[in-house]
file run-v9.pdb (PDB, C-alpha atoms and all ligand atoms)
ATOM      1  CA  MET H   1     -45.991 -25.217 -18.046
ATOM      2  CA  LYS H   2     -46.540 -21.688 -19.393
ATOM      3  CA  THR H   3     -47.911 -21.100 -22.892
ATOM      4  CA  SER H   4     -45.862 -18.864 -25.224
ATOM      5  CA  ASN H   5     -48.242 -15.990 -24.547
ATOM      6  CA  GLN H   6     -47.731 -16.322 -20.807
ATOM      7  CA  LEU H   7     -43.964 -16.687 -21.219
ATOM      8  CA  PHE H   8     -43.683 -13.388 -23.052
ATOM      9  CA  SER H   9     -46.250 -11.519 -20.969
ATOM     10  CA  LEU H  10     -45.253  -8.516 -18.849
ATOM     11  CA  GLU H  11     -48.584  -8.476 -16.999
ATOM     12  CA  ASN H  12     -48.207  -7.037 -13.472
ATOM     13  CA  LYS H  13     -44.593  -6.055 -14.088
ATOM     14  CA  ILE H  14     -43.365  -2.562 -13.249
ATOM     15  CA  ILE H  15     -40.625  -1.588 -15.679
ATOM     16  CA  VAL H  16     -38.488   1.548 -15.567
ATOM     17  CA  VAL H  17     -37.296   2.901 -18.924
ATOM     18  CA  THR H  18     -34.659   5.641 -18.806
ATOM     19  CA  GLY H  19     -34.651   7.833 -21.898
ATOM     20  CA  GLY H  20     -38.209   6.573 -22.340
ATOM     21  CA  SER H  21     -39.302   9.515 -24.454
ATOM     22  CA  GLY H  22     -36.412   9.209 -26.933
ATOM     23  CA  VAL H  23     -36.898   7.479 -30.274
ATOM     24  CA  LEU H  24     -35.865   3.964 -29.225
ATOM     25  CA  GLY H  25     -37.008   4.405 -25.596
ATOM     26  CA  SER H  26     -40.440   5.467 -26.772
ATOM     27  CA  SER H  27     -40.767   2.322 -28.881
ATOM     28  CA  PHE H  28     -39.656   0.253 -25.861
ATOM     29  CA  VAL H  29     -42.423   1.868 -23.786
ATOM     30  CA  ASN H  30     -44.988   0.971 -26.479
ATOM     31  CA  ALA H  31     -43.835  -2.655 -26.470
ATOM     32  CA  ILE H  32     -43.758  -2.980 -22.681
ATOM     33  CA  THR H  33     -47.259  -1.598 -22.254
ATOM     34  CA  GLU H  34     -48.633  -3.646 -25.158
ATOM     35  CA  ALA H  35     -47.245  -6.745 -23.387
ATOM     36  CA  GLY H  36     -49.282  -5.776 -20.311
ATOM     37  CA  GLY H  37     -46.532  -4.128 -18.268
ATOM     38  CA  THR H  38     -46.546  -0.756 -16.543
ATOM     39  CA  ALA H  39     -43.865   1.562 -17.940
ATOM     40  CA  ILE H  40     -42.192   4.142 -15.730
ATOM     41  CA  ILE H  41     -40.690   6.652 -18.134
ATOM     42  CA  ILE H  42     -37.720   8.633 -16.865
ATOM     43  CA  ASP H  43     -36.269  11.363 -19.034
ATOM     44  CA  LEU H  44     -34.370  14.632 -18.737
ATOM     45  CA  HIS H  45     -37.409  16.570 -19.889
ATOM     46  CA  GLN H  46     -40.478  16.206 -17.686
ATOM     47  CA  GLU H  47     -42.965  17.322 -20.340
ATOM     48  CA  ASN H  48     -41.673  14.721 -22.807
ATOM     49  CA  ALA H  49     -41.906  11.948 -20.211
ATOM     50  CA  GLU H  50     -45.423  12.997 -19.232
ATOM     51  CA  GLN H  51     -46.501  13.398 -22.854
ATOM     52  CA  LYS H  52     -45.357   9.848 -23.654
ATOM     53  CA  ALA H  53     -47.158   8.501 -20.585
ATOM     54  CA  LYS H  54     -50.328  10.347 -21.642
ATOM     55  CA  GLU H  55     -50.113   8.871 -25.152
ATOM     56  CA  ILE H  56     -49.971   5.362 -23.652
ATOM     57  CA  THR H  57     -52.770   6.004 -21.155
ATOM     58  CA  GLU H  58     -55.019   7.271 -23.956
ATOM     59  CA  LYS H  59     -54.465   3.948 -25.746
ATOM     60  CA  GLY H  60     -55.499   2.053 -22.590
ATOM     61  CA  GLY H  61     -51.966   1.173 -21.432
ATOM     62  CA  LYS H  62     -50.298   1.887 -18.116
ATOM     63  CA  ALA H  63     -47.451   4.430 -18.093
ATOM     64  CA  PHE H  64     -46.185   7.185 -15.818
ATOM     65  CA  GLY H  65     -43.654   9.917 -16.591
ATOM     66  CA  TYR H  66     -40.958  11.264 -14.279
ATOM     67  CA  GLN H  67     -38.209  13.824 -14.764
ATOM     68  CA  GLY H  68     -34.766  12.425 -13.966
ATOM     69  CA  ASN H  69     -31.156  12.797 -15.020
ATOM     70  CA  VAL H  70     -29.499   9.378 -15.182
ATOM     71  CA  LEU H  71     -26.268  10.943 -13.912
ATOM     72  CA  ASP H  72     -27.915  12.313 -10.757
ATOM     73  CA  GLU H  73     -27.889   9.678  -8.052
ATOM     74  CA  ALA H  74     -29.829  11.770  -5.528
ATOM     75  CA  ALA H  75     -32.590  12.640  -8.013
ATOM     76  CA  LEU H  76     -32.996   9.004  -9.104
ATOM     77  CA  THR H  77     -33.143   7.885  -5.478
ATOM     78  CA  GLU H  78     -36.053  10.279  -4.945
ATOM     79  CA  VAL H  79     -37.814   8.955  -8.083
ATOM     80  CA  LYS H  80     -37.305   5.403  -6.867
ATOM     81  CA  LYS H  81     -38.875   6.314  -3.516
ATOM     82  CA  GLN H  82     -41.941   7.624  -5.339
ATOM     83  CA  ILE H  83     -42.159   4.501  -7.525
ATOM     84  CA  ILE H  84     -41.933   2.157  -4.548
ATOM     85  CA  GLU H  85     -44.551   4.168  -2.638
ATOM     86  CA  LYS H  86     -46.917   3.981  -5.614
ATOM     87  CA  PHE H  87     -46.283   0.464  -6.978
ATOM     88  CA  GLY H  88     -44.439  -1.363  -4.182
ATOM     89  CA  LYS H  89     -41.799  -2.900  -6.480
ATOM     90  CA  ILE H  90     -39.704  -2.678  -9.640
ATOM     91  CA  ASP H  91     -39.449  -5.755 -11.892
ATOM     92  CA  GLY H  92     -37.418  -4.429 -14.780
ATOM     93  CA  LEU H  93     -35.089  -1.675 -15.905
ATOM     94  CA  VAL H  94     -34.239  -0.648 -19.458
ATOM     95  CA  ASN H  95     -31.216   1.640 -19.603
ATOM     96  CA  ALA H  96     -32.073   3.486 -22.823
ATOM     97  CA  ALA H  97     -30.866   6.999 -21.916
ATOM     98  CA  GLY H  98     -27.599   7.685 -23.684
ATOM     99  CA  GLY H  99     -26.253   8.287 -27.134
ATOM    100  CA  ASN H 100     -23.613  10.262 -28.892
ATOM    101  CA  VAL H 101     -22.625  13.783 -27.812
ATOM    102  CA  PRO H 102     -21.947  16.177 -30.739
ATOM    103  CA  GLU H 103     -18.789  17.740 -29.271
ATOM    104  CA  SER H 104     -17.198  14.301 -28.863
ATOM    105  CA  VAL H 105     -17.167  13.665 -32.620
ATOM    106  CA  ILE H 106     -13.849  13.915 -34.510
ATOM    107  CA  ASN H 107     -14.637  15.305 -37.972
ATOM    108  CA  PRO H 108     -12.626  14.366 -41.083
ATOM    109  CA  ASP H 109     -11.309  17.938 -41.457
ATOM    110  CA  GLN H 110      -9.965  17.918 -37.888
ATOM    111  CA  ASP H 111      -6.564  16.684 -36.783
ATOM    112  CA  VAL H 112      -6.974  13.441 -34.854
ATOM    113  CA  PHE H 113      -4.307  14.525 -32.330
ATOM    114  CA  ASP H 114      -4.503  18.331 -32.075
ATOM    115  CA  ASP H 115      -8.284  18.711 -32.350
ATOM    116  CA  MET H 116      -9.269  15.785 -30.157
ATOM    117  CA  ASN H 117     -11.909  17.196 -27.779
ATOM    118  CA  ILE H 118     -11.153  15.433 -24.515
ATOM    119  CA  GLU H 119     -13.937  17.150 -22.578
ATOM    120  CA  GLY H 120     -16.463  16.274 -25.299
ATOM    121  CA  MET H 121     -15.379  12.650 -25.296
ATOM    122  CA  LYS H 122     -15.524  12.490 -21.518
ATOM    123  CA  LYS H 123     -19.151  13.671 -21.757
ATOM    124  CA  ALA H 124     -20.036  10.854 -24.165
ATOM    125  CA  LEU H 125     -18.199   8.332 -22.006
ATOM    126  CA  VAL H 126     -19.822   9.511 -18.774
ATOM    127  CA  LEU H 127     -23.357   9.653 -20.214
ATOM    128  CA  ASN H 128     -23.196   6.157 -21.661
ATOM    129  CA  VAL H 129     -21.346   4.364 -18.858
ATOM    130  CA  TRP H 130     -22.425   6.118 -15.673
ATOM    131  CA  GLY H 131     -25.847   6.837 -17.166
ATOM    132  CA  THR H 132     -26.292   3.035 -17.139
ATOM    133  CA  VAL H 133     -24.434   2.142 -13.948
ATOM    134  CA  ILE H 134     -26.131   4.756 -11.734
ATOM    135  CA  PRO H 135     -29.766   3.851 -12.622
ATOM    136  CA  THR H 136     -28.845   0.173 -12.239
ATOM    137  CA  LYS H 137     -27.452   0.871  -8.781
ATOM    138  CA  ILE H 138     -30.617   2.716  -7.732
ATOM    139  CA  PHE H 139     -33.453   0.817  -9.454
ATOM    140  CA  GLY H 140     -31.719  -2.581  -9.563
ATOM    141  CA  ALA H 141     -31.468  -2.541  -5.777
ATOM    142  CA  ALA H 142     -35.261  -2.730  -5.648
ATOM    143  CA  MET H 143     -35.026  -6.179  -7.310
ATOM    144  CA  LYS H 144     -32.978  -7.803  -4.541
ATOM    145  CA  GLU H 145     -35.945  -9.519  -2.910
ATOM    146  CA  ASN H 146     -38.354 -10.318  -5.735
ATOM    147  CA  GLY H 147     -35.919 -10.500  -8.660
ATOM    148  CA  GLY H 148     -36.031  -8.718 -11.985
ATOM    149  CA  SER H 149     -34.441  -8.075 -15.337
ATOM    150  CA  ILE H 150     -32.029  -5.320 -16.331
ATOM    151  CA  VAL H 151     -31.519  -4.574 -20.029
ATOM    152  CA  ASN H 152     -28.652  -2.326 -21.096
ATOM    153  CA  ILE H 153     -28.515  -0.721 -24.524
ATOM    154  CA  SER H 154     -25.093  -1.164 -26.081
ATOM    155  CA  SER H 155     -24.246  -0.628 -29.736
ATOM    156  CA  VAL H 156     -22.308  -2.064 -32.654
ATOM    157  CA  SER H 157     -19.648   0.607 -31.965
ATOM    158  CA  PRO H 158     -17.464  -1.453 -29.592
ATOM    159  CA  LYS H 159     -17.586  -4.532 -31.864
ATOM    160  CA  THR H 160     -15.829  -3.050 -34.877
ATOM    161  CA  VAL H 161     -14.354   0.407 -35.418
ATOM    162  CA  LEU H 162     -16.732   3.227 -36.341
ATOM    163  CA  THR H 163     -14.727   6.283 -37.327
ATOM    164  CA  ARG H 164     -15.289   9.667 -35.610
ATOM    165  CA  VAL H 165     -17.110   8.417 -32.464
ATOM    166  CA  MET H 166     -14.310   7.354 -30.130
ATOM    167  CA  GLY H 167     -15.831   8.645 -26.859
ATOM    168  CA  TYR H 168     -19.188   7.012 -27.616
ATOM    169  CA  SER H 169     -17.501   3.738 -28.615
ATOM    170  CA  MET H 170     -15.471   3.686 -25.409
ATOM    171  CA  GLY H 171     -18.673   4.255 -23.412
ATOM    172  CA  LYS H 172     -20.475   1.378 -25.122
ATOM    173  CA  ALA H 173     -17.400  -0.880 -24.776
ATOM    174  CA  ALA H 174     -17.604  -0.268 -21.040
ATOM    175  CA  ILE H 175     -21.298  -1.220 -21.097
ATOM    176  CA  ASP H 176     -20.387  -4.543 -22.713
ATOM    177  CA  ILE H 177     -18.013  -5.547 -19.919
ATOM    178  CA  TYR H 178     -20.298  -4.014 -17.281
ATOM    179  CA  THR H 179     -23.224  -6.164 -18.500
ATOM    180  CA  LYS H 180     -21.188  -9.356 -18.164
ATOM    181  CA  TRP H 181     -19.456  -8.317 -14.960
ATOM    182  CA  PHE H 182     -22.605  -7.249 -13.158
ATOM    183  CA  ALA H 183     -24.558 -10.302 -14.353
ATOM    184  CA  VAL H 184     -21.985 -12.576 -12.746
ATOM    185  CA  GLU H 185     -21.592 -10.537  -9.583
ATOM    186  CA  VAL H 186     -25.349 -10.297  -8.834
ATOM    187  CA  ALA H 187     -25.814 -13.994  -9.641
ATOM    188  CA  LYS H 188     -23.085 -14.918  -7.160
ATOM    189  CA  ARG H 189     -24.798 -12.836  -4.479
ATOM    190  CA  TYR H 190     -28.538 -13.175  -5.207
ATOM    191  CA  GLY H 191     -28.729 -16.456  -7.101
ATOM    192  CA  ASP H 192     -30.891 -16.630 -10.233
ATOM    193  CA  LYS H 193     -33.211 -13.766  -9.307
ATOM    194  CA  ILE H 194     -31.688 -10.829 -11.202
ATOM    195  CA  ARG H 195     -30.800 -11.021 -14.896
ATOM    196  CA  VAL H 196     -28.524  -8.505 -16.582
ATOM    197  CA  ASN H 197     -28.391  -8.549 -20.389
ATOM    198  CA  ALA H 198     -27.901  -6.151 -23.273
ATOM    199  CA  ILE H 199     -29.193  -5.375 -26.736
ATOM    200  CA  ALA H 200     -26.734  -4.094 -29.353
ATOM    201  CA  PRO H 201     -28.735  -2.153 -31.948
ATOM    202  CA  GLY H 202     -27.247  -1.470 -35.353
ATOM    203  CA  PHE H 203     -28.231   1.821 -36.998
ATOM    204  CA  PHE H 204     -31.586   3.510 -36.437
ATOM    205  CA  LEU H 205     -32.374   7.111 -37.384
ATOM    206  CA  THR H 206     -32.928   8.945 -34.082
ATOM    207  CA  LYS H 207     -32.285  12.327 -32.435
ATOM    208  CA  GLN H 208     -28.828  11.645 -31.031
ATOM    209  CA  ASN H 209     -27.312  10.527 -34.375
ATOM    210  CA  LYS H 210     -29.262  12.873 -36.679
ATOM    211  CA  ASP H 211     -26.273  15.113 -37.484
ATOM    212  CA  LEU H 212     -24.034  12.166 -38.336
ATOM    213  CA  LEU H 213     -26.557  10.351 -40.512
ATOM    214  CA  THR H 214     -28.590  13.060 -42.229
ATOM    215  CA  ASN H 215     -27.854  16.409 -43.872
ATOM    216  CA  PRO H 216     -29.903  19.496 -42.907
ATOM    217  CA  ASP H 217     -32.126  18.892 -45.978
ATOM    218  CA  GLY H 218     -32.889  15.348 -44.737
ATOM    219  CA  SER H 219     -30.784  13.522 -47.352
ATOM    220  CA  LEU H 220     -28.360  10.824 -46.218
ATOM    221  CA  THR H 221     -24.758  11.733 -45.411
ATOM    222  CA  GLN H 222     -21.835   9.852 -46.985
ATOM    223  CA  ARG H 223     -21.482   8.139 -43.589
ATOM    224  CA  SER H 224     -25.014   6.768 -43.940
ATOM    225  CA  VAL H 225     -24.263   5.531 -47.446
ATOM    226  CA  ASP H 226     -21.159   3.752 -46.081
ATOM    227  CA  ILE H 227     -23.190   2.257 -43.214
ATOM    228  CA  LEU H 228     -25.843   0.895 -45.557
ATOM    229  CA  ARG H 229     -23.154  -0.591 -47.816
ATOM    230  CA  SER H 230     -21.755  -2.384 -44.729
ATOM    231  CA  THR H 231     -25.167  -3.658 -43.629
ATOM    232  CA  PRO H 232     -26.176  -6.878 -45.414
ATOM    233  CA  TYR H 233     -29.857  -5.873 -45.109
ATOM    234  CA  ASN H 234     -28.949  -2.563 -46.810
ATOM    235  CA  ARG H 235     -31.268  -0.466 -44.662
ATOM    236  CA  PHE H 236     -31.560   1.191 -41.262
ATOM    237  CA  GLY H 237     -33.507  -0.593 -38.549
ATOM    238  CA  GLN H 238     -36.997   0.438 -37.479
ATOM    239  CA  PRO H 239     -37.231   1.084 -33.690
ATOM    240  CA  GLU H 240     -39.971  -1.523 -33.261
ATOM    241  CA  GLU H 241     -37.602  -4.181 -34.657
ATOM    242  CA  LEU H 242     -35.780  -4.050 -31.294
ATOM    243  CA  ASN H 243     -38.920  -4.891 -29.356
ATOM    244  CA  GLY H 244     -38.838  -8.675 -29.777
ATOM    245  CA  ALA H 245     -35.402  -8.843 -28.152
ATOM    246  CA  LEU H 246     -36.522  -6.438 -25.433
ATOM    247  CA  ILE H 247     -39.674  -8.352 -24.472
ATOM    248  CA  TYR H 248     -37.757 -11.634 -24.516
ATOM    249  CA  LEU H 249     -35.170 -10.238 -22.092
ATOM    250  CA  LEU H 250     -37.710  -8.585 -19.777
ATOM    251  CA  SER H 251     -40.141 -11.506 -19.635
ATOM    252  CA  ASP H 252     -40.052 -14.991 -18.131
ATOM    253  CA  ALA H 253     -39.033 -16.282 -21.584
ATOM    254  CA  SER H 254     -35.398 -15.553 -20.637
ATOM    255  CA  LEU H 255     -35.256 -16.815 -17.043
ATOM    256  CA  PHE H 256     -31.973 -18.727 -17.599
ATOM    257  CA  VAL H 257     -30.318 -15.961 -19.644
ATOM    258  CA  THR H 258     -27.870 -13.563 -18.035
ATOM    259  CA  GLY H 259     -24.740 -11.715 -19.161
ATOM    260  CA  SER H 260     -25.853 -12.091 -22.796
ATOM    261  CA  GLU H 261     -26.145  -9.588 -25.597
ATOM    262  CA  ILE H 262     -28.487  -9.735 -28.583
ATOM    263  CA  ALA H 263     -27.363  -7.983 -31.765
ATOM    264  CA  VAL H 264     -30.217  -6.417 -33.763
ATOM    265  CA  ASP H 265     -28.225  -4.930 -36.602
ATOM    266  CA  GLY H 266     -29.258  -6.347 -39.997
ATOM    267  CA  GLY H 267     -25.991  -8.305 -40.056
ATOM    268  CA  PHE H 268     -23.669  -5.256 -39.731
ATOM    269  CA  THR H 269     -21.287  -6.833 -37.218
ATOM    270  CA  LYS H 270     -21.084 -10.124 -39.099
ATOM    271  CA  TYR H 271     -20.046  -8.679 -42.466
ATOM    272  CA  SER H 272     -16.409  -8.166 -43.468
ATOM    273  CA  GLY H 273     -17.429  -5.851 -46.297
ATOM    274  CA  VAL H 274     -16.297  -8.397 -48.909
TER     275      VAL H 274
HETATM  276  P1  LIG O   1     -32.631   9.609 -28.595
HETATM  277  O1  LIG O   1     -31.766  10.822 -28.566
HETATM  278  O2  LIG O   1     -33.812   9.581 -29.490
HETATM  279  O3  LIG O   1     -33.109   9.252 -27.118
HETATM  280  C1  LIG O   1     -32.278   9.367 -25.998
HETATM  281  C2  LIG O   1     -33.163   9.800 -24.840
HETATM  282  O4  LIG O   1     -32.359   9.827 -23.662
HETATM  283  C3  LIG O   1     -33.733  11.212 -25.026
HETATM  284  O5  LIG O   1     -35.119  11.213 -24.730
HETATM  285  C4  LIG O   1     -32.968  12.050 -24.027
HETATM  286  O6  LIG O   1     -33.723  13.126 -23.486
HETATM  287  C5  LIG O   1     -32.641  11.013 -22.955
HETATM  288  N1  LIG O   1     -31.474  11.403 -22.172
HETATM  289  C6  LIG O   1     -30.285  11.844 -22.642
HETATM  290  N2  LIG O   1     -29.467  12.139 -21.618
HETATM  291  C7  LIG O   1     -30.165  11.857 -20.482
HETATM  292  C8  LIG O   1     -29.881  11.978 -19.104
HETATM  293  N3  LIG O   1     -28.694  12.432 -18.693
HETATM  294  N4  LIG O   1     -30.815  11.593 -18.212
HETATM  295  C9  LIG O   1     -32.030  11.146 -18.632
HETATM  296  N5  LIG O   1     -32.377  11.033 -19.920
HETATM  297  C10 LIG O   1     -31.441  11.394 -20.834
HETATM  298  O7  LIG O   1     -31.632   8.426 -28.946
HETATM  299  P2  LIG O   1     -31.831   6.883 -29.232
HETATM  300  O8  LIG O   1     -31.116   6.596 -30.482
HETATM  301  O9  LIG O   1     -33.253   6.488 -29.077
HETATM  302  O10 LIG O   1     -30.947   6.279 -28.057
HETATM  303  C11 LIG O   1     -31.377   5.360 -27.085
HETATM  304  C12 LIG O   1     -30.189   4.452 -26.742
HETATM  305  O11 LIG O   1     -29.932   3.600 -27.856
HETATM  306  C13 LIG O   1     -28.868   5.188 -26.469
HETATM  307  O12 LIG O   1     -28.187   4.555 -25.414
HETATM  308  C14 LIG O   1     -28.124   5.016 -27.750
HETATM  309  O13 LIG O   1     -26.716   5.085 -27.570
HETATM  310  C15 LIG O   1     -28.546   3.621 -28.127
HETATM  311  N6  LIG O   1     -28.298   3.254 -29.524
HETATM  312  C16 LIG O   1     -28.878   3.944 -30.529
HETATM  313  C17 LIG O   1     -28.601   3.554 -31.826
HETATM  314  C18 LIG O   1     -29.213   4.269 -33.000
HETATM  315  O14 LIG O   1     -28.876   3.934 -34.148
HETATM  316  N7  LIG O   1     -30.083   5.235 -32.780
HETATM  317  C19 LIG O   1     -27.750   2.485 -32.097
HETATM  318  C20 LIG O   1     -27.170   1.819 -31.048
HETATM  319  C21 LIG O   1     -27.456   2.202 -29.749
END
call {"tool": "encode", "arguments": {"input": "run-v9.pdb", "output": "structure tokens", "more": "lines below"}}
Ligand code: NAD
result
Amino acid sequence: MKTSNQLFSLENKIIVVTGGSGVLGSSFVNAITEAGGTAIIIDLHQENAEQKAKEITEKGGKAFGYQGNVLDEAALTEVKKQIIEKFGKIDGLVNAAGGNVPESVINPDQDVFDDMNIEGMKKALVLNVWGTVIPTKIFGAAMKENGGSIVNISSVSPKTVLTRVMGYSMGKAAIDIYTKWFAVEVAKRYGDKIRVNAIAPGFFLTKQNKDLLTNPDGSLTQRSVDILRSTPYNRFGQPEELNGALIYLLSDASLFVTGSEIAVDGGFTKYSGV
């Protein structure tokens, strides 16, 4: 029987985090390395990935940074080759690269038919859906023999309508069905070795939503005020408040859990507004 500490430990686990130098991804990397795991940070910008890895190494943790675009299958395959050569395995994958794309947003002063930016919305859709499916295809395949845990990052956006972000919401809605679909399909083929779950964060102030949530002077937009009014906890989340759910899903504490999603949203999706 494992103790709670052992259950939640990531000791000896090699865990890939896409978008690992973003605001939430960076917090995930902190949590993974604090739980004893080795974090492989993959991000669009090499210097950011390496800088984050350096920060962890200086604190005594184990992290390595790689440049990689989650939409580039060939580039990720090359990164995977390097990871396998260096570490021999991959035990976990956190699909944290993603987010909203500014040109996909429909502003209140725009016409919802005439000004709908199809190309912008396609970008948001592609980044969020294929930016999760492609890394899962590449890095998840390394889990076929020894097993592992895949954690997708969804959102509250497909659960209830958020105005203005249709492309993003459609992308996250696809992640929700993908998480369940892939969990079942891999279980049917590989038994109970590979888990596929998701976290649905509520609202956190990060880079990708900065323009929607804050004004140039740093004050909150009307949208933020509306969000807080619809959040029973009446505040934004702190990135580290996602880490409990993340470590649970990556560790042996969740061995019988697959196809599930954990909402970490201060009650946003449970509140009718009344
Ligand atoms: P962020 O912008 O701080 O981080 C996103 C990271 O992903 C960045 O480091 C960026 O460089 C990287 N990235 C973007 N496109 C990439 C690509 N093609 N290939 C590789 N890396 C790429 O944003 P965040 O808020 O930390 O977002 C992390 C995830 O959490 C996203 O999927 C986002 O949709 C989701 N999420 C965020 C919130 C929130 O309130 N911030 C809420 C729900 C879900």
call {"tool": "residues_near_point", "arguments": {"input": "run-v9.pdb", "point": "(-25.7, -2.7, -27.2)", "cutoff": "7 Å", "atoms": "all atoms listed in the file", "output": "count of residues only"}}
result
10
call {"tool": "closest_atom_pairs", "arguments": {"input": "run-v9.pdb", "of": "chain H", "to": "ligand LIG 1 (chain O)", "cutoff": "6 Å", "atoms": "all atoms listed in the file", "output": "JSON lines"}}
result
{"residue": "H:Thr18", "atom": "CA", "partner": "O:LIG1", "partner_atom": "N5", "distance": 6.0}
{"residue": "H:Gly19", "atom": "CA", "partner": "O:LIG1", "partner_atom": "O4", "distance": 3.5}
{"residue": "H:Ser21", "atom": "CA", "partner": "O:LIG1", "partner_atom": "O5", "distance": 4.5}
{"residue": "H:Gly22", "atom": "CA", "partner": "O:LIG1", "partner_atom": "O5", "distance": 3.2}
{"residue": "H:Val23", "atom": "CA", "partner": "O:LIG1", "partner_atom": "O2", "distance": 3.8}
{"residue": "H:Leu24", "atom": "CA", "partner": "O:LIG1", "partner_atom": "O9", "distance": 3.6}
{"residue": "H:Gly25", "atom": "CA", "partner": "O:LIG1", "partner_atom": "O9", "distance": 5.5}
{"residue": "H:Asp43", "atom": "CA", "partner": "O:LIG1", "partner_atom": "N5", "distance": 4.0}
{"residue": "H:Leu44", "atom": "CA", "partner": "O:LIG1", "partner_atom": "C9", "distance": 4.2}
{"residue": "H:Gly68", "atom": "CA", "partner": "O:LIG1", "partner_atom": "C9", "distance": 5.6}
{"residue": "H:Asn69", "atom": "CA", "partner": "O:LIG1", "partner_atom": "N4", "distance": 3.4}
{"residue": "H:Val70", "atom": "CA", "partner": "O:LIG1", "partner_atom": "N4", "distance": 4.0}
{"residue": "H:Leu71", "atom": "CA", "partner": "O:LIG1", "partner_atom": "N3", "distance": 5.6}
{"residue": "H:Ala96", "atom": "CA", "partner": "O:LIG1", "partner_atom": "C12", "distance": 4.5}
{"residue": "H:Ala97", "atom": "CA", "partner": "O:LIG1", "partner_atom": "O4", "distance": 3.6}
{"residue": "H:Gly98", "atom": "CA", "partner": "O:LIG1", "partner_atom": "O12", "distance": 3.6}
{"residue": "H:Gly99", "atom": "CA", "partner": "O:LIG1", "partner_atom": "O13", "distance": 3.3}
{"residue": "H:Ile153", "atom": "CA", "partner": "O:LIG1", "partner_atom": "O12", "distance": 5.4}
{"residue": "H:Ser154", "atom": "CA", "partner": "O:LIG1", "partner_atom": "C21", "distance": 5.5}
{"residue": "H:Ser155", "atom": "CA", "partner": "O:LIG1", "partner_atom": "C20", "distance": 4.0}
{"residue": "H:Pro201", "atom": "CA", "partner": "O:LIG1", "partner_atom": "C20", "distance": 4.4}
{"residue": "H:Gly202", "atom": "CA", "partner": "O:LIG1", "partner_atom": "C19", "distance": 5.1}
{"residue": "H:Phe203", "atom": "CA", "partner": "O:LIG1", "partner_atom": "O14", "distance": 3.6}
{"residue": "H:Phe204", "atom": "CA", "partner": "O:LIG1", "partner_atom": "O14", "distance": 3.6}
{"residue": "H:Leu205", "atom": "CA", "partner": "O:LIG1", "partner_atom": "N7", "distance": 5.5}
{"residue": "H:Thr206", "atom": "CA", "partner": "O:LIG1", "partner_atom": "O8", "distance": 4.7}
{"residue": "H:Lys207", "atom": "CA", "partner": "O:LIG1", "partner_atom": "O1", "distance": 4.2}
{"residue": "H:Gln208", "atom": "CA", "partner": "O:LIG1", "partner_atom": "O1", "distance": 3.9}
call {"tool": "residues_around", "arguments": {"input": "run-v9.pdb", "residues": "H:Pro232", "least_positions_apart": "3", "cutoff": "8 Å", "atoms": "only C-alpha atoms", "output": "ChimeraX atom specification"}}
result
/H:228-229,266-268,271
call {"tool": "closest_residue", "arguments": {"input": "run-v9.pdb", "among": "H:Tyr168, H:Ala187, H:Leu246, H:Gln222", "to": "H:Val17", "atoms": "all atoms listed in the file"}}
result
H:Leu246
call {"tool": "residues_near_point", "arguments": {"input": "run-v9.pdb", "point": "(-43.6, 4.9, -22.6)", "cutoff": "6 Å", "atoms": "only C-alpha atoms", "output": "PyMOL selection string"}}
result
chain H and resi 20+26+29-30+39+41+52-53+63
call {"tool": "atom_distance", "arguments": {"input": "run-v9.pdb", "atom1": "atom CA of H:Thr132", "atom2": "atom CA of H:Leu93"}}
result
10.1 Å
call {"tool": "residues_around", "arguments": {"input": "run-v9.pdb", "residues": "stretch 10-16 of chain H", "least_positions_apart": "2", "cutoff": "6 Å", "atoms": "all atoms listed in the file", "output": "MDAnalysis selection string"}}
result
chainID H and resid 35:40 90:93 251
call {"tool": "write_last_selection", "arguments": {"input": "run-v9.pdb", "atoms": "C-alpha atoms", "output": "JSON list (two decimals), in the frame of the given file"}}
result
[["chain", "number", "residue", "atom", "x", "y", "z"],
["H", 35, "ALA", "CA", -47.24, -6.74, -23.39],
["H", 36, "GLY", "CA", -49.28, -5.78, -20.31],
["H", 37, "GLY", "CA", -46.53, -4.13, -18.27],
["H", 38, "THR", "CA", -46.55, -0.76, -16.54],
["H", 39, "ALA", "CA", -43.86, 1.56, -17.94],
["H", 40, "ILE", "CA", -42.19, 4.14, -15.73],
["H", 90, "ILE", "CA", -39.70, -2.68, -9.64],
["H", 91, "ASP", "CA", -39.45, -5.76, -11.89],
["H", 92, "GLY", "CA", -37.42, -4.43, -14.78],
["H", 93, "LEU", "CA", -35.09, -1.68, -15.90],
["H", 251, "SER", "CA", -40.14, -11.51, -19.64]]
call {"tool": "residues_around", "arguments": {"input": "run-v9.pdb", "residues": "H:Lys122", "least_positions_apart": "5", "cutoff": "12 Å", "atoms": "only C-alpha atoms", "output": "ChimeraX atom specification"}}
result
/H:100-105,116-117,127-130,165-171
call {"tool": "atom_distance", "arguments": {"input": "run-v9.pdb", "atom1": "atom CA of H:Glu85", "atom2": "atom CA of H:Ala49"}}
result
19.4 Å
call {"tool": "resolve_selection", "arguments": {"input": "run-v9.pdb", "expression": "the PyMOL selection byres (((chain H and resi 213) around 10) and not hetatm)", "output": "list of chain:residue names"}}
result
H:Phe203, H:Phe204, H:Leu205, H:Thr206, H:Gln208, H:Asn209, H:Lys210, H:Asp211, H:Leu212, H:Thr214, H:Asn215, H:Gly218, H:Ser219, H:Leu220, H:Thr221, H:Gln222, H:Arg223, H:Ser224, H:Val225, H:Ile227
call {"tool": "resolve_selection", "arguments": {"input": "run-v9.pdb", "expression": "the PyMOL selection byres (((chain H and resi 253) around 9) and not hetatm)", "output": "list in words"}}
result
Ser4, Gln6, Leu7, Phe8, Ser9, Ile247, Tyr248, Leu249, Leu250, Ser251, Asp252, Ser254, Leu255, Phe256 and Val257 of chain H
